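**Q** Before I ask anything, let me first share the structure, which is written out below as structure tokens.
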Amino acid sequence: MNKLSTGEKIFRVFNYLLLFAICVVTLYPLWHVAMASISDPLIVYAKRGFYFYPAGEITLRGYKLVLDNPNIISGFLNTLFYVVVGTSISMFLTILGAYVLSRKGLYWNNLIMKIIVFTMYFHGGLIPFYLMVKNMGLLDSRWSIILPIAVNTWNLIIMRTAFAGIPESLVESAKLDGASDWRIVWVIMVPLAQATVAVIALFYAVRMWNEWFNPSIFLSSKDKYPIQLLLREILLQNDTKSMTQLSAVGQSQQESYRLLVKYCTIMVATLPILFVYPFLQRYFIQGVMIGSVKG
Amino acid sequence: MAIRQDTILTASATKRDSWTSIVAKDWRKHWKIYMMIIPVLVYYFVWCYGPMYGILIAFKEFSPRKGIWGSSFVGLRHFKDFFASPFAFRVIRNTIMINFWNLVFGFPLPIVFALLLNEVRNRLYKRTVQTITYMPYFISLVVICGMIVDFTASDGVIGEIIKFFGGTPTNLLADPKYFRAIYVISDLWQKLGWDSIIFLSALAAINVELYEAATIDGAGKLRQVFHVTLPGIMPTIAILLVLRIGAMMSLGFEKIILLYNGLTYETADVISSYVYRKGIEESNFGFSTAVGLFNSVINFVLVVFANWASGKMTETSLW
């Protein structure tokens with residue numbers, strides 16, 4: 001029954017090898033950065049090339065420089081603030097909106113839904129959006145990072161679908177017991193739609209973690225920068241001011257440490273995510289499914 | 001049952017009522033629920049509809065002192081300026097080309113990848129490949145771009161490979177010839193695995209009996225792929241393709257801003273990055289709002305098309 005033809009055998013071997021090659025290509029860049037980040041800074045500075053293993057004596061000095069950098073620390077703290085506060089506000093609004101829109105027999109729901117969905121089709125564009133933030137007096141305020149993108153229409157619709165799927169009888173009996181809508185949301189809806197709530201929270205959190213563009217146009221003081229914006233300065237704009245920790249090394253060595261510090265910065269910014277990711281993978285995949293069912 | 005009867009009753013009762021009394025009754029019954037959605041409505045009016053009002057400045061000579069309403073009206077001048085400039089052709093062409101190449105490689109390859117992965121019988125191997133190839137999706141864009149800059153430098157990894165094959169390595173990001181390739185390949189690296197998830201689940205949903213029947217009919221592996229597998233995931237492919245087309249105008253702009261520079265504008269500058277440069281960097285508000293409006297209108301058309309097409313397809317694929 002399980003006889004394989006020669007062609008199938010060849011295909012199988014080829015397939016395993018090809019997938020293996022894809023994995024190598026996927027992993028190499030990360031491996032490269034990891035290896036270079038613990039290499040001798042002078043060798044790294046002299047030549048980028050391939051790094052299959054650390055070159056020269058293994059050193060953690062680069063990491064020390066990165067973690068001693070007050071900018072990096074404040075960037076992480078700011079990002080923590082944006083992720084926690086931003087996700088909380090987003091979830092609060094999304095859950096409330098989704099609950100109301102999932103109720104049947106409300107006269108205005110149809111119109112409200114149309115108003116919301118229309119924003120998926122058409123938007124004002126970058127400059128009017130910028131001017132709005134400016135006119136609200138939010139330039140260089142932490143709220144400019146959180147409020148303007150607080151609700152994501154797609155997430156709101158997904159949440160609404162999840163709430164609409166919860167048996168009406170549960171809501172009815174809770175109402176008979178005298179529960180208010182407010183209570184129903186938090187005691188019935190959210191716990192019963194747990195999986196979707198978790199996925200949406202994850203979506204909001206990841207989006208905030210990655211956010212760099214809005215901060216780059218709205219924020220001017222560095223002490224409010226999220227980590228991604230600092231990374232941009234260090235990795236892409238070669239901004240030496242963001243690398244103040246370099247002054248800890250002698251003037252002559254500064255240049256040679258710059259590349260090493262870049263590699264270490266990439267590691268510091270990526271490792272936390274890569275460690276958490278295998279545990280959250282399931283939720284993300286679930287999220288892709290939920291989103292596509294809607295689509 | 002009881003609920004359904006109740007709604008039918010109210011529905012027939014309201015038929016006789018006037019519009020105002022329906023609204024008033026609805027409000028009396030539901031006002032507490034409506035209060036809950038007010039914060040959300042405020043959000044949409046301020047942050048989505050507010051900027052739509054700001055589009056007015058596309059037709060004005062915007063002065064911050066006079067505000068959106070008070071600035072003097074210039075009609076279609078900004079649009080004429082844009083379309084008369086050599087940049088219009090350039091940014092439209094680049095927008096189309098980058099999206100085109102990204103679609104040509106970025107869309108079919110995850111499908112092929114899912115097909116290959118689907119053939120793997122060893123569970124552990126499959127799991128490992130999945131975990132590894134999904135990983136780059138979780139690296140932030142800024143870090144990805146930092147790595148791209150490093151790898152494409154003249155003494156970087158790619159330069160090293162070029163040297164191995166006897167070429168002379170250069171800084172690839174400074175050469176307009178390579179920008180699109182760098183963009184597309186790095187996107188593929190980041191999303192190949194992730195974009196295959198949806199196809200993998202579509203593949204898992206195909207009825208095993210179809211394969212058994214095909215085997216009995218004497219169809220080989222390859223014929224099964226073309227006659228069972230691909231038709232089975234065709235609805236998914238079609239819908240994702242359409243959704244991707246719908247999202248074209250909004251994709252990739254952040255990555256372009258992170259990677260492009262004066263040397264590569266020729267092939268890298270797209271409509272949205274041009275809007276960003278003119279508006280945010282050069283404070284040319286009226287003009288860049290006009291270009292942005294052009295962008296939004298195309299986006300609108302694409303999304304309407306995508307929605308219409310996917311609606312059509314789900315109908316036909318379901319029945």
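Residues in the structure tokens are numbered from 1 in each chain, the chains being A, B, ... in the order shown, and ligands are numbered from 1 in the order shown.
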Neighbouring residues of Ala46 of chain A were defined as those with any atom within 10 Å, considering only C-alpha atoms; residues of the same chain fewer than 5 positions away were excluded. Please report them as a PyMOL selection string.

**A** (chain A and resi 41+256+259) or (chain B and resi 155)

**Q** Within 12 Å of Leu263 of chain B, counting only C-alpha atoms, which residues qualify if same-chain residues fewer than 5 places away don't, as a list in words?

**A**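 Contacts, with the query itself left out: Asn171, Leu172, Leu173, Ala174, Asp175, Pro176, Lys177, Tyr178, Phe179, Ala268 and Asp269 of chain B.
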
**Q** Print the selection's residues with N, CA and C atoms to a file, as an mmCIF file, in the first residue's frame.

**A**
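What ended up in part_2.cif:
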data_model
loop_
_atom_site.group_PDB
_atom_site.id
_atom_site.type_symbol
_atom_site.label_atom_id
_atom_site.label_comp_id
_atom_site.auth_asym_id
_atom_site.auth_seq_id
_atom_site.Cartn_x
_atom_site.Cartn_y
_atom_site.Cartn_z
ATOM 1 N N ASN B 171 28.030 48.694 -2.722
ATOM 2 C CA ASN B 171 26.945 48.916 -1.776
ATOM 3 C C ASN B 171 25.632 48.843 -2.550
ATOM 4 N N LEU B 172 24.917 47.740 -2.387
ATOM 5 C CA LEU B 172 23.737 47.485 -3.221
ATOM 6 C C LEU B 172 22.610 48.481 -2.973
ATOM 7 N N LEU B 173 22.526 48.993 -1.743
ATOM 8 C CA LEU B 173 21.434 49.917 -1.438
ATOM 9 C C LEU B 173 21.654 51.296 -2.052
ATOM 10 N N ALA B 174 22.854 51.519 -2.575
ATOM 11 C CA ALA B 174 23.125 52.819 -3.185
ATOM 12 C C ALA B 174 22.907 52.764 -4.697
ATOM 13 N N ASP B 175 22.509 51.584 -5.181
ATOM 14 C CA ASP B 175 22.350 51.420 -6.616
ATOM 15 C C ASP B 175 20.872 51.217 -6.957
ATOM 16 N N PRO B 176 20.276 52.156 -7.706
ATOM 17 C CA PRO B 176 18.845 52.040 -8.000
ATOM 18 C C PRO B 176 18.463 50.738 -8.700
ATOM 19 N N LYS B 177 19.420 50.121 -9.372
ATOM 20 C CA LYS B 177 19.114 48.873 -10.099
ATOM 21 C C LYS B 177 18.606 47.778 -9.168
ATOM 22 N N TYR B 178 19.123 47.776 -7.939
ATOM 23 C CA TYR B 178 18.848 46.629 -7.075
ATOM 24 C C TYR B 178 17.748 46.865 -6.045
ATOM 25 N N PHE B 179 17.241 48.081 -5.965
ATOM 26 C CA PHE B 179 16.330 48.364 -4.853
ATOM 27 C C PHE B 179 15.126 47.422 -4.825
ATOM 28 N N ALA B 268 12.922 53.705 -6.138
ATOM 29 C CA ALA B 268 12.368 53.355 -4.828
ATOM 30 C C ALA B 268 11.218 54.259 -4.389
ATOM 31 N N ASP B 269 11.208 55.470 -4.874
ATOM 32 C CA ASP B 269 10.229 56.441 -4.400
ATOM 33 C C ASP B 269 8.832 56.072 -4.891
#

**Q** Can you tell me, as a ChimeraX atom specification, what residues are no more than 8 Å from Val151 of chain A when counting only C-alpha atoms, ignoring any on the same chain fewer than 4 positions away?

**A** /A:90,93-94,155-156 /B:40,43

**Q** Let me see the file: selected residues, C-alpha atoms, as an mmCIF file, in the first residue's frame.

**A**
data_model
loop_
_atom_site.group_PDB
_atom_site.id
_atom_site.type_symbol
_atom_site.label_atom_id
_atom_site.label_comp_id
_atom_site.auth_asym_id
_atom_site.auth_seq_id
_atom_site.Cartn_x
_atom_site.Cartn_y
_atom_site.Cartn_z
ATOM 1 C CA SER A 90 -7.444 49.626 22.460
ATOM 2 C CA LEU A 93 -12.670 50.522 23.182
ATOM 3 C CA THR A 94 -12.724 47.499 20.887
ATOM 4 C CA ASN A 155 -9.971 43.882 14.983
ATOM 5 C CA LEU A 156 -13.265 45.473 15.945
ATOM 6 C CA VAL B 40 -15.621 54.408 19.885
ATOM 7 C CA TYR B 43 -12.491 57.894 18.133
#

**Q** Please identify all polymer residues within 10 Å of Val74 of chain B, counting only C-alpha atoms, omitting same-chain residues fewer than 2 positions from it, and present them as a list in words.

**A**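 Listing them by chain and then by number gives Ile57, Ala58, Phe59, Lys60, Glu61, Phe62, Ser71, Ser72, Leu76, Arg77, His78 and Gly286 of chain B.
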
**Q** Could you write out, as a PyMOL selection string, all the residues of segment 108-258 of chain A that DSSP marks as helix (DSSP H, G or I)?

**A** chain A and resi 109-121+126-135+143-149+153-164+168-176+181-192+194-210+213-218+222-224+227-236+241-248+251-258

**Q** I need the chosen residues saved as a CSV table (one decimal), in the first residue's frame, with C-alpha atoms.

**A**
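Result went into out11.csv, see below:
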chain,number,residue,atom,x,y,z
A,109,ASN,CA,-26.3,49.8,14.7
A,110,ASN,CA,-26.6,49.5,10.9
A,111,LEU,CA,-25.6,53.1,10.4
A,112,ILE,CA,-22.8,53.0,13.0
A,113,MET,CA,-21.4,49.9,11.3
A,114,LYS,CA,-21.4,51.7,7.9
A,115,ILE,CA,-19.7,54.7,9.4
A,116,ILE,CA,-17.0,52.4,10.8
A,117,VAL,CA,-16.5,50.2,7.8
A,118,PHE,CA,-16.3,53.2,5.5
A,119,THR,CA,-13.0,54.1,7.1
A,120,MET,CA,-11.5,50.9,5.7
A,121,TYR,CA,-12.2,52.1,2.2
A,126,LEU,CA,-0.9,61.3,6.0
A,127,ILE,CA,-0.9,65.1,6.1
A,128,PRO,CA,-4.5,65.7,7.3
A,129,PHE,CA,-3.8,63.0,9.9
A,130,TYR,CA,-0.7,64.7,11.0
A,131,LEU,CA,-2.5,68.1,11.1
A,132,MET,CA,-5.2,66.5,13.2
A,133,VAL,CA,-2.7,65.4,15.8
A,134,LYS,CA,-1.1,68.8,15.7
A,135,ASN,CA,-4.4,70.6,16.1
A,143,TRP,CA,-0.8,60.2,23.7
A,144,SER,CA,0.0,60.9,20.1
A,145,ILE,CA,1.4,57.4,19.9
A,146,ILE,CA,-1.6,55.8,21.5
A,147,LEU,CA,-4.8,57.6,20.8
A,148,PRO,CA,-4.8,58.2,17.0
A,149,ILE,CA,-4.5,54.4,16.3
A,153,THR,CA,-11.5,48.4,12.4
A,154,TRP,CA,-10.5,45.0,11.4
A,155,ASN,CA,-10.0,43.9,15.0
A,156,LEU,CA,-13.3,45.5,15.9
A,157,ILE,CA,-15.1,43.5,13.3
A,158,ILE,CA,-13.4,40.2,14.3
A,159,MET,CA,-14.4,40.8,18.0
A,160,ARG,CA,-17.9,41.7,17.0
A,161,THR,CA,-18.2,38.4,15.1
A,162,ALA,CA,-16.9,36.5,18.2
A,163,PHE,CA,-19.4,38.3,20.5
A,164,ALA,CA,-22.3,37.7,18.1
A,168,GLU,CA,-28.3,34.9,23.2
A,169,SER,CA,-29.9,32.9,26.0
A,170,LEU,CA,-26.9,33.5,28.3
A,171,VAL,CA,-27.2,37.2,27.9
A,172,GLU,CA,-31.0,37.0,28.4
A,173,SER,CA,-30.7,35.0,31.6
A,174,ALA,CA,-28.1,37.4,33.0
A,175,LYS,CA,-30.4,40.3,32.2
A,176,LEU,CA,-33.2,38.5,34.1
A,181,ASP,CA,-24.9,45.5,29.9
A,182,TRP,CA,-21.6,46.7,31.4
A,183,ARG,CA,-21.5,43.6,33.6
A,184,ILE,CA,-22.5,41.3,30.8
A,185,VAL,CA,-19.6,42.6,28.7
A,186,TRP,CA,-17.0,41.7,31.4
A,187,VAL,CA,-18.6,38.7,33.0
A,188,ILE,CA,-20.1,36.9,30.0
A,189,MET,CA,-18.7,38.2,26.7
A,190,VAL,CA,-15.0,38.6,27.5
A,191,PRO,CA,-14.6,35.2,29.3
A,192,LEU,CA,-16.6,33.3,26.7
A,194,GLN,CA,-11.5,34.5,25.5
A,195,ALA,CA,-9.6,33.0,22.6
A,196,THR,CA,-10.5,35.9,20.3
A,197,VAL,CA,-9.9,38.5,23.0
A,198,ALA,CA,-6.4,37.1,23.6
A,199,VAL,CA,-5.6,37.1,19.9
A,200,ILE,CA,-6.8,40.6,19.4
A,201,ALA,CA,-4.8,41.8,22.4
A,202,LEU,CA,-1.8,40.2,20.9
A,203,PHE,CA,-2.4,41.9,17.6
A,204,TYR,CA,-2.6,45.3,19.3
A,205,ALA,CA,0.5,44.6,21.5
A,206,VAL,CA,2.6,43.5,18.5
A,207,ARG,CA,1.5,46.5,16.4
A,208,MET,CA,2.5,48.9,19.2
A,209,TRP,CA,5.9,47.1,19.8
A,210,ASN,CA,6.7,47.6,16.1
A,213,PHE,CA,6.6,55.7,12.0
A,214,ASN,CA,4.1,57.7,14.0
A,215,PRO,CA,6.5,58.3,16.8
A,216,SER,CA,9.0,59.6,14.2
A,217,ILE,CA,6.7,62.3,12.9
A,218,PHE,CA,4.9,63.1,16.2
A,222,LYS,CA,14.1,61.7,22.8
A,223,ASP,CA,13.0,60.7,26.3
A,224,LYS,CA,9.6,59.7,24.8
A,227,ILE,CA,12.7,51.5,21.3
A,228,GLN,CA,12.1,51.0,17.6
A,229,LEU,CA,12.7,54.7,16.9
A,230,LEU,CA,16.0,54.5,18.8
A,231,LEU,CA,16.9,51.4,16.8
A,232,ARG,CA,16.3,53.3,13.6
A,233,GLU,CA,18.7,56.0,14.7
A,234,ILE,CA,21.3,53.5,15.7
A,235,LEU,CA,20.9,51.0,12.9
A,236,LEU,CA,19.9,53.1,10.0
A,241,LYS,CA,24.2,60.7,19.8
A,242,SER,CA,22.0,57.7,20.3
A,243,MET,CA,25.1,55.7,21.0
A,244,THR,CA,26.3,57.8,23.8
A,245,GLN,CA,27.6,54.7,25.5
A,246,LEU,CA,30.4,54.8,23.0
A,247,SER,CA,32.1,57.6,25.0
A,248,ALA,CA,32.8,55.0,27.6
A,251,GLN,CA,37.9,58.0,21.4
A,252,SER,CA,40.2,55.9,19.2
A,253,GLN,CA,38.1,52.8,19.7
A,254,GLN,CA,34.7,54.4,19.2
A,255,GLU,CA,34.7,53.8,15.4
A,256,SER,CA,35.6,50.2,15.8
A,257,TYR,CA,32.9,49.5,18.4
A,258,ARG,CA,30.2,51.0,16.3
